[in-house]
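Everything below belongs to input31.pdb, which stores PDB, C-alpha atoms, pLDDT in the B column.
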```
ATOM      1  CA  MET A 110     -18.802 -80.151 -67.731  1.00 83.00           C
ATOM      2  CA  ARG A 111     -22.132 -79.711 -66.019  1.00 89.00           C
ATOM      3  CA  PRO A 112     -22.075 -77.636 -62.815  1.00 88.00           C
ATOM      4  CA  THR A 113     -22.830 -79.472 -59.608  1.00 93.00           C
ATOM      5  CA  PHE A 114     -25.790 -78.722 -57.386  1.00 94.00           C
ATOM      6  CA  TRP A 115     -23.608 -76.704 -55.025  1.00 94.00           C
ATOM      7  CA  GLN A 116     -22.148 -74.643 -57.853  1.00 93.00           C
ATOM      8  CA  ARG A 117     -25.627 -73.859 -59.146  1.00 93.00           C
ATOM      9  CA  LEU A 118     -26.799 -72.998 -55.630  1.00 93.00           C
ATOM     10  CA  ASP A 119     -23.779 -70.730 -55.194  1.00 93.00           C
ATOM     11  CA  ALA A 120     -24.478 -68.952 -58.491  1.00 92.00           C
ATOM     12  CA  PHE A 121     -28.150 -68.543 -57.553  1.00 93.00           C
ATOM     13  CA  ALA A 122     -27.247 -67.079 -54.153  1.00 93.00           C
ATOM     14  CA  ARG A 123     -24.748 -64.669 -55.715  1.00 92.00           C
ATOM     15  CA  ASN A 124     -27.315 -63.506 -58.258  1.00 93.00           C
ATOM     16  CA  LEU A 125     -29.979 -63.102 -55.575  1.00 94.00           C
ATOM     17  CA  THR A 126     -27.765 -61.079 -53.205  1.00 95.00           C
ATOM     18  CA  PRO A 127     -28.519 -57.547 -54.524  1.00 96.00           C
ATOM     19  CA  VAL A 128     -32.292 -58.009 -54.440  1.00 97.00           C
ATOM     20  CA  ALA A 129     -32.212 -59.773 -51.063  1.00 97.00           C
ATOM     21  CA  LEU A 130     -29.960 -57.079 -49.589  1.00 97.00           C
ATOM     22  CA  THR A 131     -32.284 -54.369 -50.866  1.00 97.00           C
ATOM     23  CA  LEU A 132     -35.275 -56.137 -49.298  1.00 97.00           C
ATOM     24  CA  VAL A 133     -33.400 -56.275 -45.977  1.00 97.00           C
ATOM     25  CA  LEU A 134     -32.743 -52.533 -46.292  1.00 96.00           C
ATOM     26  CA  VAL A 135     -36.470 -51.941 -46.873  1.00 96.00           C
ATOM     27  CA  ILE A 136     -37.184 -53.743 -43.611  1.00 95.00           C
ATOM     28  CA  LEU A 137     -34.446 -51.814 -41.787  1.00 92.00           C
ATOM     29  CA  ASN A 138     -35.856 -48.586 -43.192  1.00 91.00           C
ATOM     30  CA  VAL A 139     -39.210 -49.122 -41.462  1.00 89.00           C
ATOM     31  CA  VAL A 140     -37.989 -50.458 -38.110  1.00 89.00           C
ATOM     32  CA  PRO A 141     -39.283 -48.142 -35.379  1.00 86.00           C
ATOM     33  CA  THR A 142     -36.463 -46.310 -33.602  1.00 84.00           C
ATOM     34  CA  HIS A 143     -38.560 -44.468 -30.979  1.00 86.00           C
ATOM     35  CA  ILE A 144     -36.567 -41.283 -31.602  1.00 86.00           C
ATOM     36  CA  PRO A 145     -38.874 -38.324 -32.236  1.00 87.00           C
ATOM     37  CA  GLY A 146     -38.407 -36.705 -35.648  1.00 82.00           C
ATOM     38  CA  ILE A 147     -35.735 -39.136 -36.850  1.00 82.00           C
ATOM     39  CA  ALA A 148     -37.807 -40.207 -39.858  1.00 76.00           C
ATOM     40  CA  ARG A 149     -37.306 -36.783 -41.430  1.00 79.00           C
ATOM     41  CA  VAL A 150     -33.525 -37.155 -41.565  1.00 83.00           C
ATOM     42  CA  LEU A 151     -33.054 -40.877 -42.193  1.00 84.00           C
ATOM     43  CA  PRO A 152     -32.040 -41.819 -45.732  1.00 87.00           C
ATOM     44  CA  VAL A 153     -34.133 -44.090 -47.912  1.00 90.00           C
ATOM     45  CA  LEU A 154     -31.815 -47.085 -47.593  1.00 94.00           C
ATOM     46  CA  PRO A 155     -33.208 -49.098 -50.533  1.00 96.00           C
ATOM     47  CA  LEU A 156     -32.520 -46.129 -52.810  1.00 96.00           C
ATOM     48  CA  ILE A 157     -28.828 -46.348 -51.930  1.00 96.00           C
ATOM     49  CA  SER A 158     -28.754 -50.047 -52.750  1.00 97.00           C
ATOM     50  CA  ILE A 159     -30.599 -49.607 -56.043  1.00 97.00           C
ATOM     51  CA  PHE A 160     -28.225 -46.805 -57.035  1.00 97.00           C
ATOM     52  CA  TYR A 161     -25.132 -48.866 -56.176  1.00 96.00           C
ATOM     53  CA  TRP A 162     -26.202 -52.105 -57.814  1.00 96.00           C
ATOM     54  CA  SER A 163     -27.500 -50.317 -60.906  1.00 96.00           C
ATOM     55  CA  ILE A 164     -23.999 -48.938 -61.450  1.00 95.00           C
ATOM     56  CA  HIS A 165     -21.912 -51.986 -60.608  1.00 94.00           C
ATOM     57  CA  ARG A 166     -24.118 -54.982 -61.512  1.00 94.00           C
ATOM     58  CA  PRO A 167     -27.179 -53.727 -63.405  1.00 94.00           C
ATOM     59  CA  HIS A 168     -28.087 -57.190 -64.683  1.00 94.00           C
ATOM     60  CA  LEU A 169     -28.588 -58.421 -61.101  1.00 95.00           C
ATOM     61  CA  VAL A 170     -31.261 -55.810 -60.318  1.00 96.00           C
ATOM     62  CA  PRO A 171     -33.868 -56.064 -63.099  1.00 96.00           C
ATOM     63  CA  ALA A 172     -36.673 -53.523 -63.379  1.00 96.00           C
ATOM     64  CA  PRO A 173     -39.434 -55.956 -62.279  1.00 97.00           C
ATOM     65  CA  ALA A 174     -37.498 -56.672 -59.071  1.00 97.00           C
ATOM     66  CA  VAL A 175     -37.052 -52.933 -58.450  1.00 98.00           C
ATOM     67  CA  PHE A 176     -40.784 -52.448 -59.002  1.00 98.00           C
ATOM     68  CA  LEU A 177     -41.651 -55.190 -56.494  1.00 97.00           C
ATOM     69  CA  ILE A 178     -39.171 -53.775 -53.976  1.00 98.00           C
ATOM     70  CA  GLY A 179     -40.905 -50.414 -54.317  1.00 97.00           C
ATOM     71  CA  LEU A 180     -44.325 -51.984 -53.789  1.00 97.00           C
ATOM     72  CA  PHE A 181     -42.974 -53.789 -50.720  1.00 97.00           C
ATOM     73  CA  GLN A 182     -41.678 -50.458 -49.366  1.00 96.00           C
ATOM     74  CA  ASP A 183     -45.066 -48.834 -50.029  1.00 96.00           C
ATOM     75  CA  GLY A 184     -46.883 -51.648 -48.267  1.00 96.00           C
ATOM     76  CA  LEU A 185     -44.700 -51.386 -45.175  1.00 94.00           C
ATOM     77  CA  THR A 186     -44.655 -47.585 -44.938  1.00 91.00           C
ATOM     78  CA  GLY A 187     -48.280 -46.903 -45.779  1.00 91.00           C
ATOM     79  CA  ALA A 188     -47.344 -44.732 -48.739  1.00 91.00           C
ATOM     80  CA  PRO A 189     -49.636 -44.709 -51.775  1.00 93.00           C
ATOM     81  CA  MET A 190     -49.092 -47.953 -53.652  1.00 95.00           C
ATOM     82  CA  GLY A 191     -46.680 -47.428 -56.503  1.00 94.00           C
ATOM     83  CA  LEU A 192     -44.996 -44.296 -55.125  1.00 95.00           C
ATOM     84  CA  HIS A 193     -41.673 -45.870 -54.195  1.00 96.00           C
ATOM     85  CA  ALA A 194     -41.923 -48.280 -57.104  1.00 97.00           C
ATOM     86  CA  LEU A 195     -42.056 -45.336 -59.494  1.00 97.00           C
ATOM     87  CA  ILE A 196     -39.274 -43.484 -57.693  1.00 97.00           C
ATOM     88  CA  PHE A 197     -37.002 -46.532 -57.587  1.00 98.00           C
ATOM     89  CA  LEU A 198     -37.622 -47.228 -61.274  1.00 98.00           C
ATOM     90  CA  ALA A 199     -36.866 -43.594 -62.110  1.00 97.00           C
ATOM     91  CA  VAL A 200     -33.597 -43.750 -60.167  1.00 97.00           C
ATOM     92  CA  GLN A 201     -32.631 -46.995 -61.860  1.00 98.00           C
ATOM     93  CA  GLY A 202     -33.494 -45.520 -65.247  1.00 97.00           C
ATOM     94  CA  VAL A 203     -31.363 -42.425 -64.656  1.00 96.00           C
ATOM     95  CA  VAL A 204     -28.431 -44.510 -63.444  1.00 96.00           C
ATOM     96  CA  LEU A 205     -28.665 -46.923 -66.368  1.00 96.00           C
ATOM     97  CA  PHE A 206     -28.909 -43.983 -68.770  1.00 96.00           C
ATOM     98  CA  GLN A 207     -25.692 -42.558 -67.269  1.00 94.00           C
ATOM     99  CA  HIS A 208     -24.044 -45.957 -66.737  1.00 92.00           C
ATOM    100  CA  LYS A 209     -21.080 -45.224 -68.998  1.00 92.00           C
ATOM    101  CA  PHE A 210     -20.450 -41.961 -67.156  1.00 93.00           C
ATOM    102  CA  PHE A 211     -20.356 -43.640 -63.740  1.00 92.00           C
ATOM    103  CA  MET A 212     -18.168 -46.586 -64.740  1.00 91.00           C
ATOM    104  CA  GLY A 213     -14.564 -46.195 -63.669  1.00 89.00           C
ATOM    105  CA  LYS A 214     -15.172 -42.963 -61.768  1.00 93.00           C
ATOM    106  CA  SER A 215     -13.989 -42.267 -58.251  1.00 94.00           C
ATOM    107  CA  PHE A 216     -16.023 -42.683 -55.099  1.00 94.00           C
ATOM    108  CA  PHE A 217     -16.443 -38.903 -54.913  1.00 96.00           C
ATOM    109  CA  VAL A 218     -18.116 -38.829 -58.336  1.00 95.00           C
ATOM    110  CA  HIS A 219     -20.427 -41.670 -57.299  1.00 96.00           C
ATOM    111  CA  TRP A 220     -21.228 -39.841 -54.067  1.00 96.00           C
ATOM    112  CA  LEU A 221     -21.919 -36.604 -55.937  1.00 96.00           C
ATOM    113  CA  GLY A 222     -24.057 -38.479 -58.462  1.00 96.00           C
ATOM    114  CA  PHE A 223     -26.021 -40.121 -55.676  1.00 96.00           C
ATOM    115  CA  GLY A 224     -26.562 -36.735 -54.067  1.00 96.00           C
ATOM    116  CA  LEU A 225     -28.021 -35.376 -57.287  1.00 97.00           C
ATOM    117  CA  VAL A 226     -30.112 -38.469 -57.984  1.00 97.00           C
ATOM    118  CA  GLY A 227     -31.278 -38.609 -54.364  1.00 96.00           C
ATOM    119  CA  ALA A 228     -32.310 -34.955 -54.467  1.00 97.00           C
ATOM    120  CA  GLY A 229     -34.211 -35.633 -57.675  1.00 97.00           C
ATOM    121  CA  ALA A 230     -35.887 -38.649 -56.081  1.00 97.00           C
ATOM    122  CA  ALA A 231     -36.889 -36.559 -53.060  1.00 95.00           C
ATOM    123  CA  ALA A 232     -38.304 -33.851 -55.333  1.00 97.00           C
ATOM    124  CA  LEU A 233     -40.216 -36.462 -57.348  1.00 96.00           C
ATOM    125  CA  SER A 234     -41.555 -38.005 -54.146  1.00 94.00           C
ATOM    126  CA  TRP A 235     -42.686 -34.602 -52.882  1.00 94.00           C
ATOM    127  CA  ALA A 236     -44.355 -33.773 -56.206  1.00 95.00           C
ATOM    128  CA  LEU A 237     -46.176 -37.106 -56.404  1.00 94.00           C
ATOM    129  CA  LEU A 238     -47.340 -36.956 -52.787  1.00 92.00           C
ATOM    130  CA  SER A 239     -48.483 -33.361 -53.260  1.00 93.00           C
ATOM    131  CA  ALA A 240     -50.475 -34.363 -56.326  1.00 91.00           C
ATOM    132  CA  PHE A 241     -51.926 -37.345 -54.469  1.00 85.00           C
ATOM    133  CA  HIS A 242     -53.130 -35.237 -51.517  1.00 81.00           C
ATOM    134  CA  VAL A 243     -54.717 -32.419 -53.536  1.00 66.00           C
TER     135      VAL A 243
END
```
For the file at hand, write its structure as structure tokens.
Amino acid sequence: MRPTFWQRLDAFARNLTPVALTLVLVILNVVPTHIPGIARVLPVLPLISIFYWSIHRPHLVPAPAVFLIGLFQDGLTGAPMGLHALIFLAVQGVVLFQHKFFMGKSFFVHWLGFGLVGAGAAALSWALLSAFHV
């Protein structure tokens, strides 16, 4: 039986949700809050989404989409083009490499894993920006 238009539209919307949600988080990440110094302590929201979806539905967040999300983040933040794209791809690569480890683990293990991956992403970002500004 051939799926109806509405069933195909529903499947398309479900498959598009992770990428669309991550794009919304990119926009939320750059919204001005008018609070001095808040940018230093705010998390990189798209990184959280990429980490989560790469564990639970890796086929819905392909590498080209992650790359484009990173370029979109770079364009909105004024960062060197490709910085966040590289960081997001590195995070996705690490998570996919450890996918079997993360599957079926508790929330605490996911949280601990995100802490480690996030710290690595911050260190990579610092190293790349330091090399860029030398």
Can you give me, as a short mmCIF file (atom, residue, chain, number, x, y, z; two decimals) with C-alpha atoms, in the frame of the given file, the residues this file yields under the PyMOL selection byres ((chain A and resi 138) around 8)?
```cif
data_model
loop_
_atom_site.label_atom_id
_atom_site.label_comp_id
_atom_site.auth_asym_id
_atom_site.auth_seq_id
_atom_site.Cartn_x
_atom_site.Cartn_y
_atom_site.Cartn_z
CA LEU A 134 -32.74 -52.53 -46.29
CA VAL A 135 -36.47 -51.94 -46.87
CA ILE A 136 -37.18 -53.74 -43.61
CA LEU A 137 -34.45 -51.81 -41.79
CA VAL A 139 -39.21 -49.12 -41.46
CA VAL A 140 -37.99 -50.46 -38.11
CA VAL A 153 -34.13 -44.09 -47.91
CA LEU A 154 -31.82 -47.08 -47.59
CA PRO A 155 -33.21 -49.10 -50.53
#
```
For the point (-33.5, -36.7, -50.2) in the file's frame, write as a ChimeraX atom specification all residues with an atom no more than 12 Å away, counting all atoms listed in the file. /A:148-154,156-157,196,223-235
With only C-alpha atoms as the counted atoms, please give the residues lying no more than 8 Å from stretch 121-127 of chain A, apart from itself and same-chain residues fewer than 3 positions off, as a ChimeraX atom specification. /A:117-118,130-131,158,162,169-170
Restricting the output to C-alpha atoms, write the selected residues as a PDB file, in the frame of the given file.
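Output saved as selection-v4.pdb:
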```pdb
ATOM      1  CA  ARG A 117     -25.627 -73.859 -59.146  1.00 93.00           C
ATOM      2  CA  LEU A 118     -26.799 -72.998 -55.630  1.00 93.00           C
ATOM      3  CA  LEU A 130     -29.960 -57.079 -49.589  1.00 97.00           C
ATOM      4  CA  THR A 131     -32.284 -54.369 -50.866  1.00 97.00           C
ATOM      5  CA  SER A 158     -28.754 -50.047 -52.750  1.00 97.00           C
ATOM      6  CA  TRP A 162     -26.202 -52.105 -57.814  1.00 96.00           C
ATOM      7  CA  LEU A 169     -28.588 -58.421 -61.101  1.00 95.00           C
ATOM      8  CA  VAL A 170     -31.261 -55.810 -60.318  1.00 96.00           C
TER       9      VAL A 170
END
```
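When you apply the PyMOL selection byres ((chain A and resi 185) around 12) to this structure, what comes back is A:Leu132, A:Val135, A:Ile136, A:Leu137, A:Asn138, A:Val139, A:Val140, A:Pro141, A:Ile178, A:Gly179, A:Leu180, A:Phe181, A:Gln182, A:Asp183, A:Gly184, A:Thr186, A:Gly187, A:Ala188, A:Pro189, A:Met190, A:His193.
Between atom CA of A:Ala240 and atom CA of A:Val175 lies a distance of 23.0 Å.
Nearest to A:Lys209 of all the residues A:Trp115, A:Ala236, A:Ser163, A:His168 is A:Ser163, based on all atoms listed in the file.
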What box, with edges along x, y and z, holds each listed atom of stretch 154-167 of chain A when 6 Å is added on every side, and can you state its centre and edge lengths in Å to one decimal, as JSON?
```
{"center_x": -27.6, "center_y": -50.6, "center_z": -55.5, "size_x": 23.3, "size_y": 20.9, "size_z": 27.8}
```
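Take atom CA of A:Pro145 and atom CA of A:Leu192: the distance between them is 24.4 Å.
Separating atom CA of A:Met212 from atom CA of A:Ala199 is a distance of 19.1 Å.
Minimum atom-to-atom distance to A:Trp220, evaluated using only C-alpha atoms, belongs to A:Tyr161 out of A:Tyr161, A:Leu238, A:Ala120, A:Pro167.
The closest residue to A:Ala174, picked from A:Val133, A:Val128, A:Ile147, A:Val204 and counting only C-alpha atoms, is A:Val128.
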